[in-house]
>>> print(open('run_8.pdb').read())   # PDB, C-alpha atoms
MODEL        1
ATOM      1  CA  ILE A   1     -63.868  90.207 124.133
ATOM      2  CA  THR A   2     -60.387  88.833 123.486
ATOM      3  CA  PRO A   3     -58.874  86.961 120.541
ATOM      4  CA  THR A   4     -58.023  83.995 122.770
ATOM      5  CA  ASN A   5     -61.562  82.938 123.658
ATOM      6  CA  CYS A   6     -62.990  84.116 120.320
ATOM      7  CA  PRO A   7     -66.491  85.166 121.378
ATOM      8  CA  GLY A   8     -68.981  85.918 118.690
ATOM      9  CA  ALA A   9     -72.205  85.074 116.947
ATOM     10  CA  ASN A  10     -73.756  81.680 116.297
ATOM     11  CA  TYR A  11     -73.884  82.474 112.584
ATOM     12  CA  VAL A  12     -71.776  84.229 109.959
ATOM     13  CA  THR A  13     -72.019  87.994 110.255
ATOM     14  CA  PHE A  14     -69.540  90.798 109.628
ATOM     15  CA  ASN A  15     -68.372  93.746 111.709
ATOM     16  CA  SER A  16     -71.005  93.766 114.445
ATOM     17  CA  PHE A  17     -68.870  94.200 117.589
ATOM     18  CA  THR A  18     -69.045  97.637 119.181
ATOM     19  CA  ASN A  19     -65.990  97.186 121.423
ATOM     20  CA  ALA A  20     -63.581  94.966 119.526
ATOM     21  CA  PRO A  21     -60.030  94.949 120.941
ATOM     22  CA  ASN A  22     -57.513  96.999 118.972
ATOM     23  CA  TYR A  23     -60.267  98.443 116.771
ATOM     24  CA  GLY A  24     -63.318  99.569 118.694
ATOM     25  CA  ASP A  25     -66.694  99.902 116.950
ATOM     26  CA  GLU A  26     -66.531  97.558 113.967
ATOM     27  CA  ARG A  27     -69.661  99.036 112.423
ATOM     28  CA  ALA A  28     -67.525 102.048 111.448
ATOM     29  CA  PHE A  29     -65.268  99.861 109.319
ATOM     30  CA  PHE A  30     -64.503 102.326 106.487
ATOM     31  CA  ASP A  31     -62.328 105.403 107.085
ATOM     32  CA  ALA A  32     -59.589 107.511 105.507
ATOM     33  CA  LYS A  33     -56.581 109.742 106.163
ATOM     34  CA  ASN A  34     -54.067 111.932 104.386
ATOM     35  CA  ALA A  35     -51.355 109.751 102.824
ATOM     36  CA  ASN A  36     -48.677 111.933 104.465
ATOM     37  CA  ILE A  37     -49.700 110.482 107.836
ATOM     38  CA  THR A  38     -47.422 107.467 107.760
ATOM     39  CA  GLY A  39     -48.180 106.064 111.211
ATOM     40  CA  SER A  40     -50.916 103.552 111.968
ATOM     41  CA  GLY A  41     -53.356 106.189 113.234
ATOM     42  CA  GLY A  42     -55.005 109.275 111.828
ATOM     43  CA  TYR A  43     -57.984 107.595 110.151
ATOM     44  CA  GLN A  44     -61.273 109.516 110.204
ATOM     45  CA  ASP A  45     -64.881 109.044 109.127
ATOM     46  CA  GLN A  46     -64.976 112.692 108.025
ATOM     47  CA  MET A  47     -62.110 114.744 106.623
ATOM     48  CA  ASN A  48     -61.357 117.952 104.786
ATOM     49  CA  VAL A  49     -59.500 117.556 101.489
ATOM     50  CA  TYR A  50     -57.564 119.740  99.064
ATOM     51  CA  ASP A  51     -56.554 119.624  95.418
ATOM     52  CA  GLY A  52     -54.026 116.918  94.571
ATOM     53  CA  GLU A  53     -54.272 115.270  97.989
ATOM     54  CA  GLN A  54     -53.570 111.550  98.221
ATOM     55  CA  VAL A  55     -56.044 109.882 100.556
ATOM     56  CA  VAL A  56     -55.410 106.435 102.040
ATOM     57  CA  MET A  57     -58.692 104.591 102.572
ATOM     58  CA  ARG A  58     -59.138 101.559 104.822
ATOM     59  CA  VAL A  59     -61.701  98.770 105.227
ATOM     60  CA  TYR A  60     -61.709  96.558 108.326
ATOM     61  CA  ILE A  61     -63.126  93.041 107.854
ATOM     62  CA  HIS A  62     -64.030  90.626 110.654
ATOM     63  CA  ASN A  63     -66.310  87.607 110.428
ATOM     64  CA  ASN A  64     -67.921  87.566 113.885
ATOM     65  CA  ALA A  65     -68.988  83.903 113.813
ATOM     66  CA  ASN A  66     -67.698  81.868 116.775
ATOM     67  CA  PRO A  67     -66.114  78.582 115.615
ATOM     68  CA  ASN A  68     -65.824  77.411 119.223
ATOM     69  CA  ALA A  69     -69.626  77.445 119.460
ATOM     70  CA  ILE A  70     -70.752  76.287 115.996
ATOM     71  CA  GLY A  71     -67.674  74.647 114.492
ATOM     72  CA  PHE A  72     -65.027  75.830 112.052
ATOM     73  CA  ASP A  73     -66.958  75.064 108.864
ATOM     74  CA  ALA A  74     -70.247  76.574 110.003
ATOM     75  CA  ALA A  75     -68.394  79.726 111.077
ATOM     76  CA  THR A  76     -66.799  80.198 107.632
ATOM     77  CA  ALA A  77     -68.214  82.843 105.288
ATOM     78  CA  HIS A  78     -68.465  81.847 101.625
ATOM     79  CA  ASN A  79     -68.075  83.983  98.504
ATOM     80  CA  THR A  80     -66.852  86.864 100.634
ATOM     81  CA  ALA A  81     -66.454  90.101  98.694
ATOM     82  CA  MET A  82     -65.719  93.774  99.230
ATOM     83  CA  GLN A  83     -66.741  96.685  97.045
ATOM     84  CA  VAL A  84     -65.787 100.345  97.400
ATOM     85  CA  LEU A  85     -67.590 103.056  95.436
ATOM     86  CA  LEU A  86     -66.304 106.593  95.018
ATOM     87  CA  PRO A  87     -68.780 109.302  93.995
ATOM     88  CA  THR A  88     -68.709 110.485  90.406
ATOM     89  CA  SER A  89     -70.208 113.917  91.019
ATOM     90  CA  ASP A  90     -68.440 117.252  91.389
ATOM     91  CA  GLN A  91     -69.402 118.799  94.730
ATOM     92  CA  THR A  92     -67.946 120.301  97.911
ATOM     93  CA  HIS A  93     -69.210 117.310  99.943
ATOM     94  CA  LEU A  94     -68.711 113.775  98.645
ATOM     95  CA  THR A  95     -69.508 110.456 100.301
ATOM     96  CA  ALA A  96     -67.580 107.269  99.500
ATOM     97  CA  ALA A  97     -69.112 103.893 100.421
ATOM     98  CA  ALA A  98     -67.777 100.418 101.179
ATOM     99  CA  GLN A  99     -69.627  97.156 101.588
ATOM    100  CA  ILE A 100     -68.730  93.634 102.687
ATOM    101  CA  SER A 101     -70.849  90.663 101.655
ATOM    102  CA  ALA A 102     -70.953  86.874 101.773
ATOM    103  CA  SER A 103     -73.428  84.343 100.387
ATOM    104  CA  ASN A 104     -74.164  82.860 103.850
ATOM    105  CA  ALA A 105     -73.853  85.998 105.990
ATOM    106  CA  ASN A 106     -76.673  87.546 108.005
ATOM    107  CA  PRO A 107     -77.168  90.271 106.985
ATOM    108  CA  ALA A 108     -75.894  89.418 103.528
ATOM    109  CA  THR A 109     -74.213  92.829 103.203
ATOM    110  CA  VAL A 110     -72.924  95.449 105.639
ATOM    111  CA  SER A 111     -71.932  98.938 104.551
ATOM    112  CA  ASP A 112     -70.259 102.097 105.826
ATOM    113  CA  THR A 113     -69.348 105.524 104.434
ATOM    114  CA  VAL A 114     -66.666 108.217 104.576
ATOM    115  CA  ASP A 115     -67.533 111.908 104.143
ATOM    116  CA  LEU A 116     -65.074 114.267 102.445
ATOM    117  CA  TYR A 117     -65.334 118.058 102.341
ATOM    118  CA  GLY A 118     -63.564 120.544 100.080
ATOM    119  CA  ALA A 119     -63.342 124.323 100.014
ATOM    120  CA  SER A 120     -64.595 124.163  96.410
ATOM    121  CA  PRO A 121     -66.212 121.408  94.285
ATOM    122  CA  PHE A 122     -63.974 118.395  93.679
ATOM    123  CA  THR A 123     -63.944 114.887  92.287
ATOM    124  CA  MET A 124     -62.013 111.843  93.423
ATOM    125  CA  ALA A 125     -60.609 108.759  91.731
ATOM    126  CA  PHE A 126     -58.687 105.680  92.783
ATOM    127  CA  ASP A 127     -54.938 105.856  92.288
ATOM    128  CA  ARG A 128     -54.746 102.703  90.225
ATOM    129  CA  SER A 129     -50.937 102.842  90.210
ATOM    130  CA  ALA A 130     -50.884 102.365  93.996
ATOM    131  CA  PRO A 131     -51.269  98.826  95.361
ATOM    132  CA  VAL A 132     -54.338  97.506  97.134
ATOM    133  CA  GLN A 133     -52.916  95.893 100.251
ATOM    134  CA  VAL A 134     -54.221  93.640 103.008
ATOM    135  CA  THR A 135     -52.821  93.352 106.539
ATOM    136  CA  TYR A 136     -53.637  89.997 108.120
ATOM    137  CA  ARG A 137     -52.296  86.956 109.973
ATOM    138  CA  PRO A 138     -51.511  84.142 107.494
ATOM    139  CA  ASN A 139     -53.698  81.148 108.329
ATOM    140  CA  GLY A 140     -54.838  83.073 111.392
ATOM    141  CA  GLN A 141     -51.518  82.569 113.146
ATOM    142  CA  GLY A 142     -48.325  84.453 113.949
ATOM    143  CA  ASP A 143     -47.590  88.115 113.346
ATOM    144  CA  TYR A 144     -49.541  90.412 111.061
ATOM    145  CA  VAL A 145     -48.088  90.905 107.590
ATOM    146  CA  THR A 146     -48.982  93.318 104.790
ATOM    147  CA  ARG A 147     -49.232  91.996 101.258
ATOM    148  CA  ASN A 148     -50.660  93.117  97.914
ATOM    149  CA  LEU A 149     -54.218  91.840  97.518
ATOM    150  CA  PRO A 150     -54.366  89.611  94.420
ATOM    151  CA  GLY A 151     -58.168  89.482  94.305
ATOM    152  CA  ALA A 152     -58.572  93.259  93.955
ATOM    153  CA  THR A 153     -59.616  94.792  90.635
ATOM    154  CA  PHE A 154     -60.607  98.289  89.528
ATOM    155  CA  ALA A 155     -63.706  98.258  87.359
ATOM    156  CA  ASN A 156     -63.070 101.954  86.716
ATOM    157  CA  ASP A 157     -61.660 104.987  88.536
ATOM    158  CA  GLN A 158     -64.536 104.939  91.034
ATOM    159  CA  THR A 159     -65.169 101.203  91.614
ATOM    160  CA  LEU A 160     -62.932  98.752  93.470
ATOM    161  CA  ASN A 161     -63.902  95.085  93.805
ATOM    162  CA  ALA A 162     -62.188  92.362  95.804
ATOM    163  CA  ASN A 163     -63.162  88.697  96.062
ATOM    164  CA  PHE A 164     -61.874  86.713  99.027
ATOM    165  CA  GLY A 165     -63.733  83.414  98.775
ATOM    166  CA  ASP A 166     -63.949  81.727 102.194
ATOM    167  CA  TRP A 167     -63.402  83.949 105.243
ATOM    168  CA  HIS A 168     -63.069  82.151 108.558
ATOM    169  CA  GLY A 169     -64.667  83.324 111.762
ATOM    170  CA  CYS A 170     -62.765  84.677 114.792
ATOM    171  CA  PHE A 171     -60.464  87.607 115.522
ATOM    172  CA  ASN A 172     -57.500  85.582 114.239
ATOM    173  CA  TYR A 173     -58.749  86.189 110.707
ATOM    174  CA  ALA A 174     -59.631  89.889 110.983
ATOM    175  CA  ALA A 175     -57.886  92.023 108.359
ATOM    176  CA  LEU A 176     -57.425  95.561 107.057
ATOM    177  CA  VAL A 177     -57.556  96.418 103.346
ATOM    178  CA  THR A 178     -55.969  99.723 102.273
ATOM    179  CA  PHE A 179     -55.907 101.602  98.962
ATOM    180  CA  THR A 180     -55.384 105.149  97.719
ATOM    181  CA  ALA A 181     -57.544 107.794  96.059
ATOM    182  CA  THR A 182     -56.631 111.208  94.647
ATOM    183  CA  ILE A 183     -58.565 114.440  95.059
ATOM    184  CA  HIS A 184     -59.061 116.635  91.985
ATOM    185  CA  MET A 185     -60.221 120.165  92.721
ATOM    186  CA  PRO A 186     -60.149 122.253  89.516
ATOM    187  CA  THR A 187     -59.307 125.903  89.965
ATOM    188  CA  PRO A 188     -62.407 127.950  89.168
ATOM    189  CA  PRO A 189     -61.904 130.058  86.017
ATOM    190  CA  GLN A 190     -61.224 133.679  86.732
ATOM    191  CA  GLN A 191     -63.964 136.032  85.748
ATOM    192  CA  PRO A 192     -62.836 138.587  83.116
ATOM    193  CA  VAL A 193     -62.428 142.109  84.352
ATOM    194  CA  TYR A 194     -63.991 144.738  82.158
ATOM    195  CA  SER A 195     -63.100 148.402  82.265
ATOM    196  CA  CYS A 196     -65.009 151.318  80.889
ATOM    197  CA  ASN A 197     -63.675 154.809  80.321
ATOM    198  CA  LEU A 198     -65.832 157.447  81.889
ATOM    199  CA  LEU A 199     -67.361 159.667  79.261
ATOM    200  CA  ASN A 200     -67.941 163.332  80.026
ATOM    201  CA  VAL A 201     -71.233 164.130  78.433
ATOM    202  CA  THR A 202     -72.659 167.609  78.310
ATOM    203  CA  HIS A 203     -76.231 168.455  77.600
ATOM    204  CA  ASP A 204     -77.436 171.903  76.528
ATOM    205  CA  SER A 205     -80.730 172.817  78.057
ATOM    206  CA  ASP A 206     -83.224 174.852  76.062
TER     207      ASP A 206
ENDMDL
END
>>> encode(input="run_8.pdb", output="structure tokens")
Amino acid sequence: ITPTNCPGANYVTFNSFTNAPNYGDERAFFDAKNANITGSGGYQDQMNVYDGEQVVMRVYIHNNANPNAIGFDAATAHNTAMQVLLPTSDQTHLTAAAQISASNANPATVSDTVDLYGASPFTMAFDRSAPVQVTYRPNGQGDYVTRNLPGATFANDQTLNANFGDWHGCFNYAALVTFTATIHMPTPPQQPVYSCNLLNVTHDSD
């Protein structure tokens, strides 16, 4: 499997390679890391979180169709979209989910999850002030660049949608979408401490 000979499926399908170069198992296409890890690595499918933590989340997208086998047009996904859902509950274990879909893909939708664990119940929300960015090769050629993703919109603090339109097949068009979420872990209220003065009680027996 190399980008030069562009192997793949005879139909449009997303993230099905288990040993893709430079990525590995594409089925695990959604992961996250602490925003303080500034290098390219550090992403995990499971992570422990703390109050106020900024979490960078990442979705890898690759249309596995082989244009060399079925032609450029037949290998192009149409109405390609991504959706990321953050949980709305307040628990010590939360699962975020991402899905990639296209109108002519088989299967129509693929999905993956990230598990987050806290020492106490927490919630999470997208940092809507941070950009949603995509790292890709323009027109499938040259070096990778990172740009803000114009098709990304936040429906609310827990729902991110992105519409890509046509997505061509082959490794040349694989991309990474990144965005940020914030962990909110309220401090449990302290229980009041009550004190009672010991009373010396005497009782006269008959």
>>> residues_around(input="run_8.pdb", residues="stretch 52-60 of chain A", least_positions_apart="5", cutoff="7 Å", atoms="only C-alpha atoms", output="PyMOL selection string")
chain A and resi 29-35+175-184
>>> atom_distance(input="run_8.pdb", atom1="atom CA of A:Asn48", atom2="atom CA of A:Leu116")
5.7 Å
>>> resolve_selection(input="run_8.pdb", expression="the PyMOL selection byres ((chain A and resi 125) around 8)", output="short mmCIF file (atom, residue, chain, number, x, y, z; two decimals) with C-alpha atoms, in the coordinates of the input")
data_model
loop_
_atom_site.label_atom_id
_atom_site.label_comp_id
_atom_site.auth_asym_id
_atom_site.auth_seq_id
_atom_site.Cartn_x
_atom_site.Cartn_y
_atom_site.Cartn_z
CA LEU A 86 -66.30 106.59 95.02
CA THR A 123 -63.94 114.89 92.29
CA MET A 124 -62.01 111.84 93.42
CA PHE A 126 -58.69 105.68 92.78
CA ASP A 127 -54.94 105.86 92.29
CA ASP A 157 -61.66 104.99 88.54
CA GLN A 158 -64.54 104.94 91.03
CA ALA A 181 -57.54 107.79 96.06
CA THR A 182 -56.63 111.21 94.65
CA ILE A 183 -58.56 114.44 95.06
#
>>> closest_residue(input="run_8.pdb", among="A:Gln44, A:Pro186, A:Ala75, A:Thr13", to="A:Thr92", atoms="only C-alpha atoms")
A:Pro186
>>> residues_around(input="run_8.pdb", residues="A:Asn139", least_positions_apart="5", cutoff="10 Å", atoms="only C-alpha atoms", output="ChimeraX atom specification")
/A:168,172-173
>>> write_last_selection(input="run_8.pdb", atoms="C-alpha atoms", output="mmCIF file, in the frame of the given file")
data_model
loop_
_atom_site.group_PDB
_atom_site.id
_atom_site.type_symbol
_atom_site.label_atom_id
_atom_site.label_comp_id
_atom_site.auth_asym_id
_atom_site.auth_seq_id
_atom_site.Cartn_x
_atom_site.Cartn_y
_atom_site.Cartn_z
ATOM 1 C CA HIS A 168 -63.069 82.151 108.558
ATOM 2 C CA ASN A 172 -57.500 85.582 114.239
ATOM 3 C CA TYR A 173 -58.749 86.189 110.707
#
>>> resolve_selection(input="run_8.pdb", expression="the PyMOL selection byres ((chain A and resi 61-70) around 6)", output="tab-separated table (two decimals) with C-alpha atoms, in the frame of the given file")
chain	number	residue	atom	x	y	z
A	7	PRO	CA	-66.49	85.17	121.38
A	8	GLY	CA	-68.98	85.92	118.69
A	9	ALA	CA	-72.20	85.07	116.95
A	10	ASN	CA	-73.76	81.68	116.30
A	11	TYR	CA	-73.88	82.47	112.58
A	12	VAL	CA	-71.78	84.23	109.96
A	13	THR	CA	-72.02	87.99	110.26
A	14	PHE	CA	-69.54	90.80	109.63
A	15	ASN	CA	-68.37	93.75	111.71
A	60	TYR	CA	-61.71	96.56	108.33
A	71	GLY	CA	-67.67	74.65	114.49
A	72	PHE	CA	-65.03	75.83	112.05
A	75	ALA	CA	-68.39	79.73	111.08
A	169	GLY	CA	-64.67	83.32	111.76
A	170	CYS	CA	-62.76	84.68	114.79
A	174	ALA	CA	-59.63	89.89	110.98
A	175	ALA	CA	-57.89	92.02	108.36
